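Source file protein26.txt; content: compact mmCIF, C-alpha atoms.
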# COMPACT_ATOMS: atom_id res chain seq x y z
CA PRO A 1 156.95 193.41 68.50
CA ARG A 2 154.45 190.89 67.20
CA PRO A 3 150.82 191.91 67.88
CA GLU A 4 149.30 189.60 70.49
CA ALA A 5 146.84 187.09 69.13
CA SER A 6 143.34 187.21 70.55
CA PRO A 7 142.35 184.37 72.92
CA VAL A 8 139.73 183.29 70.37
CA ALA A 9 142.37 183.00 67.60
CA ASP A 10 144.61 181.03 69.98
CA ARG A 11 141.74 178.71 70.90
CA GLU A 12 140.98 178.08 67.22
CA ALA A 13 144.68 177.43 66.51
CA LEU A 14 144.86 174.94 69.40
CA THR A 15 141.71 173.13 68.19
CA ALA A 16 143.27 172.84 64.72
CA LEU A 17 146.49 171.47 66.27
CA THR A 18 144.50 168.83 68.16
CA GLY A 19 143.06 167.73 64.81
CA ARG A 20 146.52 167.61 63.20
CA HIS A 21 147.85 165.61 66.17
CA GLY A 22 145.08 163.06 65.54
CA THR A 23 146.00 162.94 61.84
CA GLY A 24 149.61 162.19 62.83
CA LEU A 25 148.46 159.29 65.02
CA GLY A 26 146.40 157.97 62.09
CA LEU A 27 149.41 158.11 59.74
CA GLY A 28 151.36 156.09 62.32
CA ARG A 29 148.64 153.43 62.46
CA LEU A 30 148.96 153.12 58.67
CA GLY A 31 152.73 152.66 59.05
CA ARG A 32 153.46 155.99 57.31
CA TRP A 33 156.03 156.92 59.97
CA THR A 34 158.07 159.48 57.99
CA GLU A 35 154.98 161.61 57.29
CA ALA A 36 153.72 161.10 60.85
CA GLY A 37 157.06 162.30 62.22
CA GLU A 38 157.10 165.44 60.07
CA LEU A 39 153.55 166.30 61.16
CA HIS A 40 154.26 165.71 64.88
CA ARG A 41 157.40 167.86 64.61
CA ALA A 42 155.40 170.77 63.11
CA VAL A 43 152.59 170.42 65.69
CA ALA A 44 155.13 170.26 68.55
CA ALA A 45 156.76 173.52 67.38
CA GLU A 46 153.38 175.31 67.17
CA ARG A 47 152.24 173.97 70.56
CA GLU A 48 155.52 175.08 72.12
CA ARG A 49 154.99 178.61 70.72
CA LEU A 50 151.40 178.82 72.00
CA LEU A 51 151.57 176.77 75.24
CA GLY A 52 155.24 176.55 76.27
CA ALA A 53 157.87 173.80 76.09
CA ASP A 54 156.69 171.87 79.17
CA HIS A 55 152.94 171.90 78.51
CA PRO A 56 151.47 168.35 78.45
CA ASP A 57 150.20 168.82 74.86
CA THR A 58 153.64 169.97 73.64
CA LEU A 59 155.23 166.96 75.37
CA ALA A 60 152.60 164.62 73.87
CA SER A 61 153.58 165.85 70.38
CA ARG A 62 157.29 165.46 71.11
CA TYR A 63 156.68 161.93 72.45
CA GLU A 64 154.91 160.98 69.20
CA LEU A 65 157.73 162.59 67.18
CA ALA A 66 160.27 160.40 69.01
CA PHE A 67 158.09 157.32 68.49
CA ALA A 68 157.98 158.01 64.72
CA LEU A 69 161.76 158.58 64.63
CA SER A 70 162.35 155.20 66.32
CA ARG A 71 160.12 153.52 63.71
CA THR A 72 162.12 155.01 60.80
CA GLY A 73 165.46 153.75 62.11
CA ARG A 74 166.53 157.09 63.64
CA ALA A 75 167.08 155.64 67.11
CA ALA A 76 169.72 158.15 68.28
CA ASP A 77 167.46 161.11 67.37
CA ALA A 78 164.51 159.39 69.06
CA LEU A 79 166.52 158.84 72.26
CA HIS A 80 167.49 162.53 72.38
CA VAL A 81 163.83 163.64 72.17
CA TYR A 82 162.62 160.97 74.64
CA LYS A 83 165.21 162.12 77.21
CA GLN A 84 163.88 165.69 77.05
CA VAL A 85 160.25 164.52 77.38
CA ALA A 86 161.16 162.18 80.26
CA ALA A 87 162.95 164.97 82.15
CA ALA A 88 160.02 167.40 81.71
CA ARG A 89 157.36 164.83 82.68
CA THR A 90 159.37 163.67 85.72
CA ARG A 91 159.71 167.30 86.87
CA ALA A 92 156.01 168.01 86.43
CA LEU A 93 154.37 164.68 87.31
CA GLY A 94 156.94 162.57 89.19
CA ALA A 95 159.00 159.61 87.98
CA ASP A 96 156.25 157.01 88.58
CA HIS A 97 153.36 158.80 86.83
CA PRO A 98 151.99 156.64 83.95
CA ASP A 99 153.06 159.29 81.36
CA SER A 100 156.61 159.34 82.79
CA LEU A 101 156.75 155.53 82.82
CA ALA A 102 155.51 155.37 79.21
CA VAL A 103 158.33 157.58 77.94
CA ARG A 104 160.97 155.77 80.04
CA GLN A 105 159.79 152.44 78.61
CA GLU A 106 160.12 153.78 75.04
CA MET A 107 163.61 155.09 75.94
CA ALA A 108 164.57 151.53 76.92
CA TYR A 109 163.24 150.22 73.58
CA VAL A 110 165.39 152.74 71.68
CA LEU A 111 168.46 151.90 73.78
CA GLY A 112 167.92 148.31 72.63
CA GLN A 113 167.71 149.48 69.00
CA LEU A 114 171.10 151.17 69.53
CA GLY A 115 172.58 147.91 70.84
CA ARG A 116 172.81 149.30 74.40
CA HIS A 117 171.08 146.23 75.85
CA PHE A 118 172.52 146.55 79.36
CA ASP A 119 171.31 150.17 79.67
CA ALA A 120 167.92 149.09 78.29
CA HIS A 121 167.79 146.28 80.89
CA GLN A 122 168.34 148.74 83.76
CA VAL A 123 165.56 151.08 82.56
CA TYR A 124 163.09 148.22 81.91
CA ARG A 125 163.69 146.83 85.42
CA ALA A 126 163.05 150.20 87.05
CA VAL A 127 159.88 150.80 85.00
CA LEU A 128 158.63 147.26 85.66
CA ALA A 129 159.05 147.63 89.44
CA ALA A 130 157.01 150.86 89.35
CA ARG A 131 154.32 149.38 87.08
CA GLU A 132 153.92 146.26 89.26
CA HIS A 133 153.66 148.44 92.37
CA ILE A 134 151.15 150.93 90.89
CA MET A 135 149.09 148.87 88.41
CA GLY A 136 149.56 145.27 89.58
CA PRO A 137 151.30 142.34 87.86
CA ASP A 138 148.51 141.54 85.34
CA HIS A 139 147.85 145.06 83.99
CA PRO A 140 148.42 145.13 80.18
CA ASP A 141 151.08 147.89 80.54
CA THR A 142 152.93 145.82 83.18
CA LEU A 143 152.81 142.76 80.92
CA ARG A 144 154.07 144.79 77.94
CA CYS A 145 157.04 145.94 80.03
CA ARG A 146 157.79 142.37 81.18
CA HIS A 147 157.56 141.18 77.55
CA ASN A 148 160.12 143.83 76.53
CA LEU A 149 162.39 142.84 79.41
CA ALA A 150 162.22 139.17 78.29
CA PHE A 151 163.02 140.20 74.69
CA ASN A 152 165.99 142.25 75.91
CA LEU A 153 167.31 139.40 78.10
CA SER A 154 167.71 137.22 75.01
CA ARG A 155 169.65 140.06 73.31
CA LEU A 156 171.89 140.17 76.42
CA GLY A 157 172.75 136.50 75.79
CA ARG A 158 170.56 135.22 78.66
CA PRO A 159 168.23 132.84 76.77
CA GLN A 160 167.28 130.76 79.83
CA ASP A 161 166.12 133.86 81.77
CA SER A 162 164.41 135.19 78.64
CA TYR A 163 162.58 131.89 78.12
CA ARG A 164 161.39 131.74 81.73
CA MET A 165 160.08 135.32 81.76
CA ALA A 166 158.47 135.12 78.29
CA HIS A 167 156.77 131.85 79.29
CA GLU A 168 155.26 133.56 82.37
CA VAL A 169 154.14 136.63 80.36
CA ALA A 170 152.56 134.44 77.65
CA ALA A 171 150.55 132.57 80.30
CA ALA A 172 149.42 135.84 81.93
CA ARG A 173 148.48 137.40 78.59
CA ALA A 174 146.54 134.28 77.58
CA ARG A 175 144.65 134.54 80.90
CA VAL A 176 144.00 138.31 80.67
CA LEU A 177 143.63 138.87 76.90
CA GLY A 178 142.87 135.40 75.51
CA PRO A 179 145.12 132.79 73.86
CA ASP A 180 144.70 134.15 70.29
CA HIS A 181 145.15 137.86 71.15
CA PRO A 182 147.97 139.42 69.04
CA ASP A 183 149.90 140.42 72.21
CA THR A 184 149.72 136.85 73.57
CA LEU A 185 151.01 135.52 70.23
CA VAL A 186 153.85 138.08 70.14
CA THR A 187 155.04 136.82 73.53
CA ARG A 188 154.71 133.18 72.45
CA TYR A 189 156.90 134.15 69.47
CA GLU A 190 159.52 135.33 71.98
CA VAL A 191 159.17 132.01 73.87
CA ALA A 192 159.82 130.17 70.60
CA TYR A 193 162.83 132.39 69.80
CA ALA A 194 164.36 131.65 73.24
CA LEU A 195 163.73 127.91 72.75
CA GLY A 196 165.67 128.14 69.47
CA GLN A 197 168.55 129.95 71.20
CA LEU A 198 168.59 127.14 73.78
CA GLY A 199 168.81 124.56 70.96
CA ARG A 200 165.33 123.22 71.78
CA TRP A 201 164.28 123.24 68.12
CA PRO A 202 161.46 120.62 68.24
CA GLU A 203 159.66 122.74 70.86
CA ALA A 204 160.41 125.96 68.96
CA LEU A 205 158.96 124.41 65.78
CA GLN A 206 155.79 123.38 67.61
CA GLN A 207 155.36 126.92 69.05
CA TYR A 208 155.89 128.62 65.67
CA ARG A 209 153.39 126.25 64.00
CA GLU A 210 150.71 127.03 66.59
CA ILE A 211 151.42 130.78 66.31
CA ALA A 212 151.17 130.68 62.50
CA GLU A 213 147.82 128.85 62.67
CA ALA A 214 146.41 131.23 65.32
CA ARG A 215 147.58 134.29 63.34
CA ALA A 216 146.11 132.93 60.11
CA ARG A 217 142.76 132.57 61.93
CA ALA A 218 142.87 135.95 63.66
CA LEU A 219 144.66 138.15 61.09
CA GLY A 220 144.36 136.24 57.82
CA PRO A 221 146.88 134.07 55.92
CA ASP A 222 148.48 137.03 54.09
CA HIS A 223 149.10 139.22 57.16
CA ALA A 224 152.79 140.11 57.66
CA ASP A 225 152.80 138.54 61.15
CA THR A 226 151.37 135.24 59.83
CA LEU A 227 154.01 135.15 57.09
CA ALA A 228 156.77 135.98 59.62
CA ALA A 229 155.77 132.97 61.76
CA ARG A 230 155.93 130.74 58.68
CA HIS A 231 159.47 131.99 58.00
CA GLU A 232 160.49 130.90 61.51
CA ILE A 233 158.95 127.46 60.90
CA GLY A 234 161.32 127.20 57.92
CA ILE A 235 164.34 128.14 60.06
CA SER A 236 163.34 125.55 62.68
CA LEU A 237 162.92 122.80 60.06
CA GLY A 238 166.34 123.64 58.63
CA ARG A 239 167.94 123.47 62.11
CA LEU A 240 166.35 120.04 62.59
CA GLY A 241 167.90 118.79 59.34
CA ARG A 242 164.51 118.57 57.63
CA GLY A 243 165.77 120.32 54.49
CA ALA A 244 163.16 118.98 52.05
CA GLU A 245 160.28 120.26 54.24
CA ALA A 246 162.05 123.59 54.73
CA LEU A 247 162.59 123.89 50.97
CA ALA A 248 158.89 123.28 50.23
CA LEU A 249 157.89 125.81 52.90
CA TYR A 250 160.22 128.54 51.59
CA ARG A 251 159.09 127.94 48.01
CA ASP A 252 155.44 128.53 49.02
CA LEU A 253 156.39 131.45 51.27
CA ALA A 254 158.43 133.14 48.51
CA GLU A 255 155.41 132.89 46.18
CA ASP A 256 153.07 134.34 48.84
CA ARG A 257 155.53 137.13 49.74
CA THR A 258 155.93 138.01 46.04
CA ARG A 259 152.15 138.16 45.62
CA VAL A 260 151.59 140.24 48.79
CA HIS A 261 154.69 142.50 48.85
CA GLY A 262 156.21 142.32 45.37
CA PRO A 263 159.36 140.60 44.06
CA THR A 264 161.93 143.08 45.43
CA HIS A 265 160.57 143.45 48.99
CA ALA A 266 163.13 142.64 51.73
CA GLU A 267 160.92 139.86 53.17
CA THR A 268 160.38 138.28 49.73
CA LEU A 269 164.15 138.17 49.33
CA ARG A 270 164.59 136.69 52.85
CA ALA A 271 162.23 133.86 51.87
CA ARG A 272 164.15 133.29 48.62
CA HIS A 273 167.40 133.30 50.61
CA GLY A 274 165.95 130.52 52.79
CA LEU A 275 165.00 128.65 49.63
CA GLY A 276 168.59 128.87 48.33
CA VAL A 277 170.15 127.80 51.64
CA ASN A 278 167.97 124.68 51.73
CA LEU A 279 168.73 123.81 48.09
CA GLY A 280 172.35 123.77 49.24
CA ARG A 281 171.55 121.62 52.29
CA LEU A 282 170.04 119.09 49.87
CA GLY A 283 173.22 119.18 47.72
CA ARG A 284 171.48 120.95 44.80
CA TRP A 285 174.35 123.44 44.45
CA GLU A 286 173.81 124.58 40.83
CA GLU A 287 170.24 125.65 41.72
CA ALA A 288 171.39 127.10 45.07
CA LEU A 289 174.06 129.19 43.32
CA ALA A 290 171.57 130.51 40.72
CA GLU A 291 169.13 131.49 43.48
CA ALA A 292 171.87 133.16 45.55
CA ARG A 293 173.14 135.13 42.52
CA ASP A 294 169.64 136.36 41.69
CA VAL A 295 168.83 137.40 45.27
CA CYS A 296 172.24 139.06 45.62
CA ALA A 297 171.71 141.10 42.42
CA ILE A 298 168.28 142.35 43.57
CA ARG A 299 169.56 143.17 47.07
CA GLU A 300 172.54 145.06 45.63
CA ARG A 301 170.19 147.08 43.42
CA THR A 302 167.57 147.81 46.12
CA LEU A 303 169.65 147.95 49.33
CA GLY A 304 173.14 148.86 48.08
CA PRO A 305 176.34 146.78 47.76
CA ASP A 306 177.43 147.16 51.41
CA HIS A 307 174.08 146.36 53.08
CA PRO A 308 174.35 143.40 55.53
CA ASP A 309 171.67 141.43 53.59
CA THR A 310 173.54 141.96 50.30
CA LEU A 311 176.77 140.73 51.90
CA VAL A 312 175.02 137.65 53.37
CA SER A 313 173.79 136.85 49.83
CA ARG A 314 177.26 137.41 48.35
CA ARG A 315 178.69 134.99 50.93
CA GLU A 316 176.02 132.46 49.90
CA VAL A 317 177.22 132.85 46.28
CA ALA A 318 180.78 132.12 47.48
CA VAL A 319 179.64 129.04 49.44
CA GLY A 320 177.93 127.67 46.32
CA LEU A 321 181.00 128.30 44.16
CA GLY A 322 183.15 126.47 46.74
CA TRP A 323 180.87 123.43 46.83
CA LEU A 324 181.04 123.32 43.01
CA GLY A 325 184.87 123.37 43.23
CA ARG A 326 185.14 126.84 41.65
CA TRP A 327 187.60 128.08 44.29
CA PRO A 328 189.19 131.04 42.41
CA ASP A 329 185.70 132.52 41.84
CA ALA A 330 184.75 131.76 45.46
CA LEU A 331 187.89 133.55 46.72
CA ALA A 332 186.99 136.71 44.77
CA GLU A 333 183.50 136.76 46.35
CA TYR A 334 184.76 136.03 49.89
CA ARG A 335 187.34 138.84 49.54
CA GLN A 336 184.66 141.27 48.41
CA VAL A 337 182.51 140.41 51.45
CA ALA A 338 185.47 140.69 53.85
CA SER A 339 186.65 144.08 52.54
CA ALA A 340 183.09 145.51 52.58
CA ARG A 341 182.56 144.30 56.17
CA GLU A 342 185.93 145.69 57.23
CA ARG A 343 185.00 149.06 55.68
CA VAL A 344 181.54 149.19 57.29
CA LEU A 345 182.00 147.33 60.60
CA GLY A 346 185.75 147.55 61.32
CA ALA A 347 188.59 145.02 61.06
CA ASP A 348 187.87 143.33 64.41
CA HIS A 349 184.07 142.95 64.12
CA PRO A 350 182.99 139.27 64.49
CA ASP A 351 181.36 139.29 61.00
CA THR A 352 184.55 140.68 59.43
CA LEU A 353 186.67 138.05 61.20
CA ALA A 354 184.30 135.28 60.06
CA SER A 355 184.73 136.54 56.46
CA ARG A 356 188.53 136.55 56.79
CA ASN A 357 188.31 132.94 58.04
CA ASP A 358 186.22 132.05 54.96
CA GLU A 359 188.92 133.66 52.82
CA ALA A 360 191.69 131.66 54.56
CA HIS A 361 189.76 128.39 54.10
CA CYS A 362 189.46 129.23 50.39
CA LEU A 363 193.22 129.91 50.10
CA GLU A 364 193.84 126.47 51.67
CA GLN A 365 191.62 124.83 49.04
CA LEU A 366 193.68 126.58 46.35
CA GLY A 367 196.91 125.15 47.82
CA ARG A 368 198.07 128.62 48.98
CA SER A 369 198.71 127.36 52.50
CA ALA A 370 201.34 129.96 53.55
CA GLU A 371 198.87 132.81 52.84
CA ALA A 372 196.08 130.88 54.57
CA VAL A 373 198.16 130.33 57.73
CA GLU A 374 199.13 134.01 57.83
CA LEU A 375 195.47 135.06 57.53
CA TYR A 376 194.32 132.57 60.21
CA ARG A 377 197.06 133.99 62.47
CA ARG A 378 195.88 137.59 61.91
CA VAL A 379 192.28 136.60 62.74
CA ALA A 380 193.41 134.77 65.90
CA VAL A 381 195.37 137.84 67.07
CA LEU A 382 192.35 140.13 66.57
CA ARG A 383 190.05 137.66 68.37
CA GLN A 384 192.54 137.44 71.25
CA GLN A 385 192.64 141.25 71.51
CA GLN A 386 188.84 141.34 71.63
CA ALA A 387 188.72 138.72 74.38
CA SER A 388 191.35 140.52 76.49
CA GLU A 389 189.42 143.81 76.13
CA GLY A 390 186.35 141.96 77.39
CA ARG A 391 184.22 142.88 74.38

Mind turning the file's structure into structure tokens?
Amino acid sequence: PRPEASPVADREALTALTGRHGTGLGLGRLGRWTEAGELHRAVAAERERLLGADHPDTLASRYELAFALSRTGRAADALHVYKQVAAARTRALGADHPDSLAVRQEMAYVLGQLGRHFDAHQVYRAVLAAREHIMGPDHPDTLRCRHNLAFNLSRLGRPQDSYRMAHEVAAARARVLGPDHPDTLVTRYEVAYALGQLGRWPEALQQYREIAEARARALGPDHADTLAARHEIGISLGRLGRGAEALALYRDLAEDRTRVHGPTHAETLRARHGLGVNLGRLGRWEEALAEARDVCAIRERTLGPDHPDTLVSRREVAVGLGWLGRWPDALAEYRQVASARERVLGADHPDTLASRNDEAHCLEQLGRSAEAVELYRRVAVLRQQQASEGR
């Protein structure tokens, strides 16, 4: 048997673990989530050995581990850990204790990441009811929960409800935290997103402009959140048919993104994609095609050939080829996109079906109408099956 450690040695070990826990939190604040997760995992194991699996400190480490996992795209792993922490905290503290509510709220966030928006909605509603009862409607934690519920409503396809709730939360946050507080601006961003979903693009544009200006003042012009708001201004301008303004915006944004993040960063490439789309809207198809080809090549190299962003770029290449009358080349690109989507997403996924429709349209342009009709028919059958299964 292992010799028992002295209480002094245990106390020193626990003090060291507290320090390492703090280091993990610091790594998270710097966005170094992979390292933070590894550190929290190691600290959790040591705390479990010294204190037991259900000790608050062990659970705090496991909570932070799950948080880091969710931030590195490992949502399923995060959910598994959160569930264990939630069960232990509920047993020890009760379901409505702030620590129990915190982990249940993060569980809802991860359910949303996994596309389980209805499950997320149920958890958010339960947590919100408890928060409003215990902390009051204007407590920052209550408002954060209501913000998340509004965000999730839009993902459930309920933009009107999302808009109404986000509008209320933005007003409350402005009152409690101030109009330029980052949390207030995040909720106004959600208001603008819902306005866009409702087709109210002039209002969305106005919101995004005000958010970009406030973020530039509070965070600086090169902050990622400021640049993100500018991207949404570009989308809004495009939706309003103001292609020339959108083009100028994306050109500036692509330059700023390149300077801040580098030429191959995902957000730099998103800005360049917007630039290419708006060149096309203005009928400048040779330039649009060159831009799409370049972005597609970089995305393929950095993200892989089957990544959704790469496939969106490849489709943009095909669109450009079609507008330039180069239909055989366009067909080859559309087919590549469709087969990759079928491989990754399945034959009946909406994106795959949209690609097959693109392919059929291309066959029509090439005078291969029998093949086109057959492909349209196959797509219609798959869509009908989806509808009858209620998906």

* Coordinates-based distance that separates atom CA of Gly73 of chain A from atom CA of Glu48 of chain A (Å, one decimal) ->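 Atom-to-atom, atom CA of Glu48 of chain A and atom CA of Gly73 of chain A are spaced 25.6 Å apart.
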
* To do: Can you pull out every residue within 9 Å of Asp54 of chain A, counting only C-alpha atoms, but drop anything in the same chain fewer than 6 positions away, and send it as a list in words?
  =>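 Skipping anything fewer than 6 positions along the chain leaves Glu48, Val85, Ala88, Arg89 and Ala92 of chain A.
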
* **Selection: 12 Å around Glu203 of chain A, only C-alpha atoms, excl. self and same-chain fewer than 2 positions, as a ChimeraX atom specification** => /A:188-189,191-201,205-210,233,236-237,240

* Suppose you want the space between atom CA of Ala129 of chain A and atom CA of Leu101 of chain A; what is it in Å? ->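 We find that atom CA of Ala129 of chain A and atom CA of Leu101 of chain A lie 10.6 Å from each other.
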
* Neighbour list for His40 of chain A as JSON, numbers by chain, cut-off 7 Å, only C-alpha atoms, skip fewer than 3 positions in-chain -> {"A": [21, 24, 36, 37, 43, 44, 61, 62, 64, 65]}

* **d(atom CA of Arg74 of chain A, atom CA of Val110 of chain A) in Å** =>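 Value for the atom CA of Arg74 of chain A-atom CA of Val110 of chain A distance: 9.2 Å.
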
* List the residues sitting within 9 Å of (162.2, 151.7, 77.6) in the file's frame, using only C-alpha atoms, as a PyMOL selection string. => chain A and resi 101-112+120-121+123-124+127+145+148

Find the residues around Ala166 of chain A up to 7 Å (all atoms listed in the file counted), leave out those fewer than 3 positions away in its own chain, and share them as a compact mmCIF listing (two decimals) with C-alpha atoms, in the frame of the given file.
# COMPACT_ATOMS: atom_id res chain seq x y z
CA HIS A 147 157.56 141.18 77.55
CA ALA A 150 162.22 139.17 78.29
CA SER A 162 164.41 135.19 78.64
CA TYR A 163 162.58 131.89 78.12
CA VAL A 169 154.14 136.63 80.36
CA ALA A 170 152.56 134.44 77.65
CA THR A 187 155.04 136.82 73.53
CA GLU A 190 159.52 135.33 71.98
CA VAL A 191 159.17 132.01 73.87

* Using all atoms listed in the file, which residues sit within 6 Å of segment 226-231 of chain A once same-chain residues fewer than 3 positions away are excluded, as a ChimeraX atom specification? -> /A:208,212,215-216,223,234

* **Which of A:Ile298, A:Leu93, A:Ile211, A:Glu371 sits closest to His55 of chain A [using only C-alpha atoms]** =>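 Of all the options, A:Leu93 lies closest to His55 of chain A.
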
* Go through A:Pro350, A:Met165, A:Asn357, A:His307 and flag the residue nearest Leu331 of chain A, using only C-alpha atoms for the distances. =>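 Ranked by minimum distance to Leu331 of chain A, first place goes to A:Asn357.
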
* To do: Select, from A:Thr184, A:Gln160, A:Thr302, A:Gln336, the residue with the minimum atom-to-atom distance to Arg144 of chain A, counting all atoms listed in the file.
  => A:Thr184

* Asked: Pick the closest to Asp329 of chain A from A:Arg343, A:Arg20, A:Leu366, A:Lys83: which is it, counting all atoms listed in the file?
  ->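 When distances to Asp329 of chain A are compared using all atoms listed in the file, the smallest one comes from A:Leu366.
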